[in-house]
>>> print(open('my_file.pdb').read())   # PDB, C-alpha atoms and all ligand atoms
ATOM      1  CA  MET A   1      12.174  70.876  37.158  1.00  0.00           C
ATOM      2  CA  LYS A   2       9.077  69.703  35.284  1.00  0.00           C
ATOM      3  CA  SER A   3       5.886  69.114  37.268  1.00  0.00           C
ATOM      4  CA  ILE A   4       2.624  67.378  36.424  1.00  0.00           C
ATOM      5  CA  ILE A   5      -0.619  67.505  38.404  1.00  0.00           C
ATOM      6  CA  VAL A   6      -3.130  64.679  37.959  1.00  0.00           C
ATOM      7  CA  TYR A   7      -6.534  65.003  39.620  1.00  0.00           C
ATOM      8  CA  GLN A   8     -10.006  63.550  39.987  1.00  0.00           C
ATOM      9  CA  SER A   9     -12.798  65.846  41.155  1.00  0.00           C
ATOM     10  CA  LYS A  10     -16.448  64.875  41.535  1.00  0.00           C
ATOM     11  CA  SER A  11     -17.952  68.246  42.431  1.00  0.00           C
ATOM     12  CA  GLY A  12     -15.271  70.620  41.168  1.00  0.00           C
ATOM     13  CA  TYR A  13     -13.355  71.724  44.289  1.00  0.00           C
ATOM     14  CA  THR A  14     -10.200  69.640  43.682  1.00  0.00           C
ATOM     15  CA  LYS A  15     -10.299  70.810  40.072  1.00  0.00           C
ATOM     16  CA  ARG A  16     -10.429  74.466  41.154  1.00  0.00           C
ATOM     17  CA  TYR A  17      -7.532  73.981  43.581  1.00  0.00           C
ATOM     18  CA  MET A  18      -5.403  72.189  41.016  1.00  0.00           C
ATOM     19  CA  GLU A  19      -6.076  74.829  38.362  1.00  0.00           C
ATOM     20  CA  MET A  20      -4.738  77.460  40.786  1.00  0.00           C
ATOM     21  CA  LEU A  21      -1.769  75.278  41.799  1.00  0.00           C
ATOM     22  CA  SER A  22      -0.810  74.488  38.210  1.00  0.00           C
ATOM     23  CA  GLU A  23      -0.453  78.224  37.608  1.00  0.00           C
ATOM     24  CA  LEU A  24       1.521  78.794  40.809  1.00  0.00           C
ATOM     25  CA  VAL A  25       4.073  76.071  40.082  1.00  0.00           C
ATOM     26  CA  GLU A  26       3.833  76.075  36.267  1.00  0.00           C
ATOM     27  CA  ALA A  27       2.734  72.449  36.093  1.00  0.00           C
ATOM     28  CA  THR A  28       0.975  70.458  33.394  1.00  0.00           C
ATOM     29  CA  LEU A  29      -2.591  69.711  34.522  1.00  0.00           C
ATOM     30  CA  VAL A  30      -4.276  66.421  33.562  1.00  0.00           C
ATOM     31  CA  GLU A  31      -7.532  64.818  34.660  1.00  0.00           C
ATOM     32  CA  LEU A  32      -7.008  61.214  35.836  1.00  0.00           C
ATOM     33  CA  LYS A  33      -9.455  59.795  33.293  1.00  0.00           C
ATOM     34  CA  THR A  34      -7.430  61.205  30.384  1.00  0.00           C
ATOM     35  CA  LEU A  35      -3.964  60.418  31.806  1.00  0.00           C
ATOM     36  CA  ASN A  36      -1.578  58.529  29.550  1.00  0.00           C
ATOM     37  CA  PRO A  37       0.714  56.940  32.192  1.00  0.00           C
ATOM     38  CA  MET A  38       3.657  56.902  29.779  1.00  0.00           C
ATOM     39  CA  VAL A  39       3.985  60.694  30.102  1.00  0.00           C
ATOM     40  CA  LEU A  40       4.667  60.491  33.855  1.00  0.00           C
ATOM     41  CA  SER A  41       8.275  59.485  33.161  1.00  0.00           C
ATOM     42  CA  ASP A  42       8.838  62.926  31.571  1.00  0.00           C
ATOM     43  CA  TYR A  43       8.298  64.738  34.883  1.00  0.00           C
ATOM     44  CA  ASP A  44      10.511  65.349  37.946  1.00  0.00           C
ATOM     45  CA  ASN A  45       7.605  66.190  40.275  1.00  0.00           C
ATOM     46  CA  ILE A  46       4.331  64.252  40.173  1.00  0.00           C
ATOM     47  CA  LEU A  47       1.271  65.309  42.178  1.00  0.00           C
ATOM     48  CA  TYR A  48      -2.014  63.452  42.532  1.00  0.00           C
ATOM     49  CA  ALA A  49      -5.100  65.132  44.054  1.00  0.00           C
ATOM     50  CA  GLY A  50      -8.583  63.791  44.748  1.00  0.00           C
ATOM     51  CA  GLY A  51     -11.654  64.641  46.832  1.00  0.00           C
ATOM     52  CA  VAL A  52     -12.353  62.545  49.949  1.00  0.00           C
ATOM     53  CA  TYR A  53     -15.483  60.389  49.861  1.00  0.00           C
ATOM     54  CA  ALA A  54     -16.357  58.166  52.839  1.00  0.00           C
ATOM     55  CA  GLY A  55     -12.762  58.371  53.985  1.00  0.00           C
ATOM     56  CA  LYS A  56     -11.259  57.389  50.636  1.00  0.00           C
ATOM     57  CA  ILE A  57      -9.325  59.673  48.298  1.00  0.00           C
ATOM     58  CA  SER A  58     -11.122  59.559  44.991  1.00  0.00           C
ATOM     59  CA  GLY A  59      -9.075  57.868  42.234  1.00  0.00           C
ATOM     60  CA  ILE A  60      -6.020  57.115  44.403  1.00  0.00           C
ATOM     61  CA  LYS A  61      -5.978  53.371  43.651  1.00  0.00           C
ATOM     62  CA  LYS A  62      -6.184  53.978  39.919  1.00  0.00           C
ATOM     63  CA  PHE A  63      -3.481  56.636  40.115  1.00  0.00           C
ATOM     64  CA  PHE A  64      -1.025  54.339  41.926  1.00  0.00           C
ATOM     65  CA  LYS A  65      -1.828  51.552  39.458  1.00  0.00           C
ATOM     66  CA  LEU A  66      -0.943  53.853  36.551  1.00  0.00           C
ATOM     67  CA  TYR A  67       2.109  55.198  38.432  1.00  0.00           C
ATOM     68  CA  GLY A  68       3.325  51.621  38.814  1.00  0.00           C
ATOM     69  CA  ASP A  69       7.032  51.314  39.564  1.00  0.00           C
ATOM     70  CA  LYS A  70       8.021  54.647  38.023  1.00  0.00           C
ATOM     71  CA  SER A  71      10.015  57.034  40.164  1.00  0.00           C
ATOM     72  CA  CYS A  72      10.373  60.779  40.404  1.00  0.00           C
ATOM     73  CA  ASP A  73      12.075  63.418  42.579  1.00  0.00           C
ATOM     74  CA  LYS A  74       8.978  64.472  44.492  1.00  0.00           C
ATOM     75  CA  LEU A  75       5.739  62.520  44.697  1.00  0.00           C
ATOM     76  CA  VAL A  76       2.910  64.524  46.242  1.00  0.00           C
ATOM     77  CA  ILE A  77      -0.527  63.264  47.250  1.00  0.00           C
ATOM     78  CA  VAL A  78      -3.259  65.793  48.046  1.00  0.00           C
ATOM     79  CA  ALA A  79      -6.639  65.031  49.623  1.00  0.00           C
ATOM     80  CA  VAL A  80      -9.474  67.578  49.471  1.00  0.00           C
ATOM     81  CA  GLY A  81     -12.116  67.038  52.139  1.00  0.00           C
ATOM     82  CA  ALA A  82     -14.747  68.543  54.398  1.00  0.00           C
ATOM     83  CA  SER A  83     -13.043  68.885  57.764  1.00  0.00           C
ATOM     84  CA  PRO A  84     -10.490  71.514  58.725  1.00  0.00           C
ATOM     85  CA  SER A  85      -6.950  70.126  58.569  1.00  0.00           C
ATOM     86  CA  THR A  86      -5.451  68.429  61.650  1.00  0.00           C
ATOM     87  CA  ASN A  87      -2.446  66.107  61.980  1.00  0.00           C
ATOM     88  CA  GLU A  88      -4.744  63.371  63.288  1.00  0.00           C
ATOM     89  CA  LEU A  89      -6.980  63.634  60.220  1.00  0.00           C
ATOM     90  CA  LYS A  90      -3.993  63.614  57.871  1.00  0.00           C
ATOM     91  CA  ASN A  91      -2.519  60.509  59.527  1.00  0.00           C
ATOM     92  CA  LYS A  92      -5.862  58.726  59.356  1.00  0.00           C
ATOM     93  CA  LEU A  93      -6.277  59.550  55.663  1.00  0.00           C
ATOM     94  CA  MET A  94      -2.761  58.308  54.942  1.00  0.00           C
ATOM     95  CA  ASP A  95      -3.428  55.045  56.812  1.00  0.00           C
ATOM     96  CA  ASP A  96      -6.915  54.444  55.399  1.00  0.00           C
ATOM     97  CA  ASN A  97      -5.705  55.083  51.858  1.00  0.00           C
ATOM     98  CA  LEU A  98      -2.537  52.958  52.213  1.00  0.00           C
ATOM     99  CA  ILE A  99      -0.474  55.839  50.916  1.00  0.00           C
ATOM    100  CA  LEU A 100       2.842  54.647  52.317  1.00  0.00           C
ATOM    101  CA  GLU A 101       2.153  51.030  51.305  1.00  0.00           C
ATOM    102  CA  TYR A 102       1.846  52.006  47.632  1.00  0.00           C
ATOM    103  CA  ASN A 103       5.217  53.658  47.672  1.00  0.00           C
ATOM    104  CA  ASP A 104       8.510  51.839  48.000  1.00  0.00           C
ATOM    105  CA  ASN A 105      10.088  54.919  49.620  1.00  0.00           C
ATOM    106  CA  SER A 106      12.489  55.425  46.751  1.00  0.00           C
ATOM    107  CA  ASP A 107      10.576  58.621  45.955  1.00  0.00           C
ATOM    108  CA  LYS A 108      10.231  61.517  48.318  1.00  0.00           C
ATOM    109  CA  LEU A 109       6.535  61.315  49.103  1.00  0.00           C
ATOM    110  CA  GLU A 110       4.665  64.134  50.810  1.00  0.00           C
ATOM    111  CA  PHE A 111       0.998  64.224  51.776  1.00  0.00           C
ATOM    112  CA  PHE A 112      -1.126  67.384  52.005  1.00  0.00           C
ATOM    113  CA  TYR A 113      -4.736  68.040  52.940  1.00  0.00           C
ATOM    114  CA  LEU A 114      -6.959  70.918  51.752  1.00  0.00           C
ATOM    115  CA  GLN A 115     -10.433  71.894  52.895  1.00  0.00           C
ATOM    116  CA  GLY A 116     -12.804  71.909  49.921  1.00  0.00           C
ATOM    117  CA  GLY A 117     -16.458  72.798  49.623  1.00  0.00           C
ATOM    118  CA  PHE A 118     -19.999  71.517  49.335  1.00  0.00           C
ATOM    119  CA  ASP A 119     -22.692  72.320  46.801  1.00  0.00           C
ATOM    120  CA  PRO A 120     -25.696  69.964  46.799  1.00  0.00           C
ATOM    121  CA  ASP A 121     -26.505  71.013  43.228  1.00  0.00           C
ATOM    122  CA  LYS A 122     -23.197  69.548  42.008  1.00  0.00           C
ATOM    123  CA  LEU A 123     -23.830  66.071  43.434  1.00  0.00           C
ATOM    124  CA  ASN A 124     -25.086  63.250  41.265  1.00  0.00           C
ATOM    125  CA  PHE A 125     -27.686  60.776  42.489  1.00  0.00           C
ATOM    126  CA  ALA A 126     -25.119  58.282  43.854  1.00  0.00           C
ATOM    127  CA  LEU A 127     -23.268  60.964  45.851  1.00  0.00           C
ATOM    128  CA  ARG A 128     -26.520  62.329  47.292  1.00  0.00           C
ATOM    129  CA  ALA A 129     -27.469  58.823  48.422  1.00  0.00           C
ATOM    130  CA  MET A 130     -23.996  58.307  49.917  1.00  0.00           C
ATOM    131  CA  LEU A 131     -24.146  61.638  51.758  1.00  0.00           C
ATOM    132  CA  GLY A 132     -27.628  60.812  53.090  1.00  0.00           C
ATOM    133  CA  ALA A 133     -26.382  57.460  54.432  1.00  0.00           C
ATOM    134  CA  VAL A 134     -23.260  58.903  56.121  1.00  0.00           C
ATOM    135  CA  SER A 135     -25.205  61.844  57.649  1.00  0.00           C
ATOM    136  CA  LYS A 136     -27.920  59.502  58.912  1.00  0.00           C
ATOM    137  CA  SER A 137     -25.432  57.248  60.668  1.00  0.00           C
ATOM    138  CA  ILE A 138     -23.749  60.216  62.413  1.00  0.00           C
ATOM    139  CA  GLN A 139     -27.134  61.707  63.378  1.00  0.00           C
ATOM    140  CA  LYS A 140     -28.189  58.347  64.819  1.00  0.00           C
ATOM    141  CA  LYS A 141     -25.013  58.287  66.919  1.00  0.00           C
ATOM    142  CA  GLN A 142     -25.739  61.892  68.000  1.00  0.00           C
ATOM    143  CA  ARG A 143     -29.205  60.884  69.251  1.00  0.00           C
ATOM    144  CA  LYS A 144     -28.157  57.652  70.972  1.00  0.00           C
ATOM    145  CA  THR A 145     -24.728  58.478  72.445  1.00  0.00           C
ATOM    146  CA  PRO A 146     -23.977  62.184  71.878  1.00  0.00           C
ATOM    147  CA  GLU A 147     -20.769  61.856  73.960  1.00  0.00           C
ATOM    148  CA  SER A 148     -19.335  59.429  71.373  1.00  0.00           C
ATOM    149  CA  LEU A 149     -19.472  62.026  68.563  1.00  0.00           C
ATOM    150  CA  THR A 150     -15.911  62.803  67.428  1.00  0.00           C
ATOM    151  CA  ASP A 151     -14.673  66.251  66.360  1.00  0.00           C
ATOM    152  CA  GLU A 152     -14.591  64.862  62.818  1.00  0.00           C
ATOM    153  CA  ASP A 153     -18.281  63.806  63.093  1.00  0.00           C
ATOM    154  CA  LYS A 154     -19.214  67.279  64.351  1.00  0.00           C
ATOM    155  CA  SER A 155     -17.371  69.150  61.613  1.00  0.00           C
ATOM    156  CA  PHE A 156     -18.852  66.751  59.020  1.00  0.00           C
ATOM    157  CA  LEU A 157     -22.423  67.617  60.120  1.00  0.00           C
ATOM    158  CA  GLU A 158     -21.553  71.322  60.245  1.00  0.00           C
ATOM    159  CA  PHE A 159     -19.904  71.251  56.791  1.00  0.00           C
ATOM    160  CA  PHE A 160     -22.936  69.700  55.093  1.00  0.00           C
ATOM    161  CA  ARG A 161     -25.524  71.920  56.792  1.00  0.00           C
ATOM    162  CA  THR A 162     -25.490  74.416  53.898  1.00  0.00           C
ATOM    163  CA  ALA A 163     -23.630  74.977  50.630  1.00  0.00           C
ATOM    164  CA  ASN A 164     -20.170  76.376  51.367  1.00  0.00           C
ATOM    165  CA  ASP A 165     -16.809  76.930  49.721  1.00  0.00           C
ATOM    166  CA  GLN A 166     -13.664  76.754  51.886  1.00  0.00           C
ATOM    167  CA  THR A 167     -11.177  76.791  48.998  1.00  0.00           C
ATOM    168  CA  SER A 168      -8.451  79.421  49.314  1.00  0.00           C
ATOM    169  CA  ILE A 169      -5.168  80.050  47.562  1.00  0.00           C
ATOM    170  CA  GLU A 170      -3.482  80.349  51.009  1.00  0.00           C
ATOM    171  CA  GLN A 171      -4.037  76.635  51.641  1.00  0.00           C
ATOM    172  CA  LEU A 172      -1.938  75.901  48.550  1.00  0.00           C
ATOM    173  CA  ILE A 173       1.164  77.733  49.789  1.00  0.00           C
ATOM    174  CA  PRO A 174       2.787  74.766  51.637  1.00  0.00           C
ATOM    175  CA  ILE A 175       2.318  72.596  48.532  1.00  0.00           C
ATOM    176  CA  SER A 176       3.700  75.172  46.123  1.00  0.00           C
ATOM    177  CA  LYS A 177       6.668  75.711  48.469  1.00  0.00           C
ATOM    178  CA  PHE A 178       7.337  71.965  48.578  1.00  0.00           C
ATOM    179  CA  ILE A 179       7.192  71.585  44.802  1.00  0.00           C
ATOM    180  CA  GLY A 180       9.237  74.709  44.234  1.00  0.00           C
ATOM    181  CA  THR A 181       7.371  77.653  42.880  1.00  0.00           C
ATOM    182  CA  SER A 182       7.828  80.382  40.408  1.00  0.00           C
ATOM    183  CA  SER A 183       5.156  82.693  41.820  1.00  0.00           C
ATOM    184  CA  THR A 184       4.104  81.809  45.368  1.00  0.00           C
ATOM    185  CA  PRO A 185       1.974  84.608  46.862  1.00  0.00           C
ATOM    186  CA  ASP A 186       3.379  86.255  50.052  1.00  0.00           C
TER     187      ASP A 186
HETATM  188  C1  LIG B 201     -21.138  61.742  49.664  1.00  0.00           C
HETATM  189  C2  LIG B 201     -20.002  62.520  50.226  1.00  0.00           C
HETATM  190  C3  LIG B 201     -19.124  61.919  51.122  1.00  0.00           C
HETATM  191  C4  LIG B 201     -18.048  62.645  51.646  1.00  0.00           C
HETATM  192  N1  LIG B 201     -17.206  62.047  52.531  1.00  0.00           N
HETATM  193  C5  LIG B 201     -16.205  62.766  53.091  1.00  0.00           C
HETATM  194  C6  LIG B 201     -15.333  62.191  54.052  1.00  0.00           C
HETATM  195  O1  LIG B 201     -15.432  61.018  54.402  1.00  0.00           O
HETATM  196  N2  LIG B 201     -14.361  62.962  54.590  1.00  0.00           N
HETATM  197  C7  LIG B 201     -14.183  64.275  54.214  1.00  0.00           C
HETATM  198  O2  LIG B 201     -13.288  64.942  54.746  1.00  0.00           O
HETATM  199  N3  LIG B 201     -14.973  64.845  53.279  1.00  0.00           N
HETATM  200  C8  LIG B 201     -15.984  64.123  52.731  1.00  0.00           C
HETATM  201  N4  LIG B 201     -16.792  64.698  51.785  1.00  0.00           N
HETATM  202  C9  LIG B 201     -16.565  66.104  51.397  1.00  0.00           C
HETATM  203  C10 LIG B 201     -15.798  66.205  50.070  1.00  0.00           C
HETATM  204  O3  LIG B 201     -14.532  65.613  50.201  1.00  0.00           O
HETATM  205  C11 LIG B 201     -15.672  67.682  49.710  1.00  0.00           C
HETATM  206  O4  LIG B 201     -16.955  68.127  49.326  1.00  0.00           O
HETATM  207  C12 LIG B 201     -14.643  67.941  48.625  1.00  0.00           C
HETATM  208  O5  LIG B 201     -14.551  69.329  48.422  1.00  0.00           O
HETATM  209  C13 LIG B 201     -14.992  67.237  47.335  1.00  0.00           C
HETATM  210  O6  LIG B 201     -14.002  67.463  46.362  1.00  0.00           O
HETATM  211  P1  LIG B 201     -14.321  67.353  44.794  1.00  0.00           P
HETATM  212  O7  LIG B 201     -15.412  68.360  44.513  1.00  0.00           O
HETATM  213  O8  LIG B 201     -13.079  67.710  44.110  1.00  0.00           O
HETATM  214  O9  LIG B 201     -14.730  65.939  44.516  1.00  0.00           O
HETATM  215  C14 LIG B 201     -17.857  63.992  51.240  1.00  0.00           C
HETATM  216  C15 LIG B 201     -18.737  64.584  50.324  1.00  0.00           C
HETATM  217  C16 LIG B 201     -19.808  63.867  49.821  1.00  0.00           C
HETATM  218  C17 LIG B 201     -20.739  64.529  48.856  1.00  0.00           C
END
>>> encode(input="my_file.pdb", output="structure tokens")
Amino acid sequence: MKSIIVYQSKSGYTKRYMEMLSELVEATLVELKTLNPMVLSDYDNILYAGGVYAGKISGIKKFFKLYGDKSCDKLVIVAVGASPSTNELKNKLMDDNLILEYNDNSDKLEFFYLQGGFDPDKLNFALRAMLGAVSKSIQKKQRKTPESLTDEDKSFLEFFRTANDQTSIEQLIPISKFIGTSSTPD
């Protein structure tokens, strides 16, 4: 079974995860911006991974556009974000990113979520401005109606308090098991 991993990473955490995963499952690793969509037809398993920004999985629209009406044995979408993983968060990300709508169900599609990291020094000007705007709106809510703050809001504020790295090879185990691994750690 041949596998390819395509990714887009703005501050490096998705990239780090996908480098580890490509070794675990012996997959070809390609950055979305250099992907030649024609090569996708050569693979049985296709995985796309992107960081989450303002609720959207980075690059997902472009990936599905390039994927087009191809098919494969296993289609895997991975989101890398700030909050710890919960089923509620995963369902919301799938809905907000229209993941099932892009797929005609002829492929076996599976969605995974990984907790990434935060390093203010790796953010460009646009991302800093975006982060400032999102944090401000949650902080405003916290001041006005603290009871309306969701668990996601709270973990967002906590995550961005200081630089942190939540990446771990353990989080990759369910994905490598799904794809079919050659060297999954115990
Ligand atoms: C401006 C900004 C907005 C973000 N928005 C979200 C978000 O809506 N939900 C989330 O879970 N994580 C959010 N994050 C956290 C990123 O998804 C996290 O840092 C991830 O590790 C980034 O992956 P990357 O470095 O591969 O791009 C945001 C980060 C930044 C800087």
>>> residues_around(input="my_file.pdb", residues="A:Gly180", least_positions_apart="3", cutoff="9 Å", atoms="only C-alpha atoms", output="list in words")
Met1, Val25, Ile175, Ser176, Lys177 and Thr184 of chain A
>>> resolve_selection(input="my_file.pdb", expression="the PyMOL selection byres (((chain A and resi 42-47) around 12) and not hetatm)", output="PyMOL selection string")
chain A and resi 1-8+18+21-22+25-32+36-41+48-50+60+63-64+67+70-79+107-112+175-176+178-181
>>> residues_near_ligand(input="my_file.pdb", ligand="ligand LIG 201 (chain B)", cutoff="9 Å", atoms="all atoms listed in the file", output="MDAnalysis selection string")
chainID A and resid 7:17 49:58 79:84 89 93 114:120 122:124 126:135 152 156 159:160 165:167
>>> atom_distance(input="my_file.pdb", atom1="atom CA of A:Lys61", atom2="atom CA of A:Met20")
24.3 Å
>>> atom_distance(input="my_file.pdb", atom1="atom CA of A:Lys33", atom2="atom CA of A:Ser168")
25.4 Å
>>> atom_distance(input="my_file.pdb", atom1="atom CA of A:Asp121", atom2="atom CA of A:Ala163")
8.9 Å
>>> closest_residue(input="my_file.pdb", among="A:Asp151, A:Leu100, A:Gln171, A:Asp69", to="A:Glu88", atoms="only C-alpha atoms")
A:Asp151
>>> closest_residue(input="my_file.pdb", among="A:Met94, A:Tyr113, A:Ile138, A:Thr162", to="A:Thr150", atoms="all atoms listed in the file")
A:Ile138
>>> closest_residue(input="my_file.pdb", among="A:Leu66, A:Ile99, A:Asn91, A:Glu19", to="A:Leu35", atoms="only C-alpha atoms")
A:Leu66
>>> decode(input="my_file.pdb", residues="stretch 69-94 of chain A", atoms="N, CA and C atoms", output="tab-separated table (two decimals), in the first residue's frame")
chain	number	residue	atom	x	y	z
A	69	ASP	N	-12.02	14.67	-8.33
A	69	ASP	CA	-12.87	13.47	-8.24
A	69	ASP	C	-12.04	12.18	-8.25
A	70	LYS	N	-10.77	12.31	-7.80
A	70	LYS	CA	-9.95	11.10	-7.70
A	70	LYS	C	-10.53	10.22	-6.59
A	71	SER	N	-10.05	9.00	-6.50
A	71	SER	CA	-10.47	8.18	-5.36
A	71	SER	C	-9.26	7.40	-4.86
A	72	CYS	N	-9.38	6.92	-3.65
A	72	CYS	CA	-8.28	6.14	-3.07
A	72	CYS	C	-8.87	5.20	-2.04
A	73	ASP	N	-8.05	4.33	-1.45
A	73	ASP	CA	-8.57	3.37	-0.46
A	73	ASP	C	-8.91	4.07	0.85
A	74	LYS	N	-7.95	4.87	1.33
A	74	LYS	CA	-8.19	5.59	2.59
A	74	LYS	C	-7.83	7.06	2.40
A	75	LEU	N	-8.80	7.92	2.70
A	75	LEU	CA	-8.57	9.36	2.64
A	75	LEU	C	-8.60	9.86	4.07
A	76	VAL	N	-7.52	10.50	4.49
A	76	VAL	CA	-7.40	10.92	5.89
A	76	VAL	C	-7.19	12.43	5.96
A	77	ILE	N	-8.00	13.09	6.79
A	77	ILE	CA	-7.81	14.53	7.00
A	77	ILE	C	-7.38	14.73	8.45
A	78	VAL	N	-6.33	15.53	8.64
A	78	VAL	CA	-5.82	15.78	9.99
A	78	VAL	C	-5.79	17.28	10.25
A	79	ALA	N	-6.36	17.69	11.39
A	79	ALA	CA	-6.31	19.09	11.80
A	79	ALA	C	-5.39	19.20	13.00
A	80	VAL	N	-4.53	20.23	13.00
A	80	VAL	CA	-3.62	20.45	14.14
A	80	VAL	C	-3.99	21.78	14.77
A	81	GLY	N	-4.46	21.74	16.02
A	81	GLY	CA	-4.95	22.98	16.63
A	81	GLY	C	-4.48	23.17	18.06
A	82	ALA	N	-5.09	24.18	18.72
A	82	ALA	CA	-4.65	24.57	20.05
A	82	ALA	C	-5.26	23.73	21.17
A	83	SER	N	-6.56	23.44	21.04
A	83	SER	CA	-7.26	22.82	22.16
A	83	SER	C	-6.95	21.34	22.27
A	84	PRO	N	-7.10	20.79	23.49
A	84	PRO	CA	-7.00	19.32	23.60
A	84	PRO	C	-8.15	18.69	22.82
A	85	SER	N	-7.94	17.47	22.35
A	85	SER	CA	-8.95	16.82	21.49
A	85	SER	C	-10.20	16.40	22.27
A	86	THR	N	-11.37	16.72	21.72
A	86	THR	CA	-12.64	16.19	22.24
A	86	THR	C	-13.49	15.82	21.03
A	87	ASN	N	-14.48	14.94	21.23
A	87	ASN	CA	-15.36	14.57	20.11
A	87	ASN	C	-16.14	15.78	19.61
A	88	GLU	N	-16.55	16.64	20.55
A	88	GLU	CA	-17.31	17.83	20.19
A	88	GLU	C	-16.48	18.73	19.26
A	89	LEU	N	-15.22	18.93	19.64
A	89	LEU	CA	-14.34	19.77	18.83
A	89	LEU	C	-14.13	19.17	17.44
A	90	LYS	N	-13.93	17.84	17.41
A	90	LYS	CA	-13.71	17.19	16.12
A	90	LYS	C	-14.93	17.32	15.22
A	91	ASN	N	-16.12	17.13	15.80
A	91	ASN	CA	-17.35	17.26	15.00
A	91	ASN	C	-17.52	18.68	14.48
A	92	LYS	N	-17.19	19.65	15.32
A	92	LYS	CA	-17.34	21.05	14.90
A	92	LYS	C	-16.36	21.37	13.75
A	93	LEU	N	-15.13	20.88	13.89
A	93	LEU	CA	-14.15	21.13	12.83
A	93	LEU	C	-14.58	20.48	11.52
A	94	MET	N	-15.15	19.27	11.63
A	94	MET	CA	-15.60	18.59	10.40
A	94	MET	C	-16.74	19.37	9.75
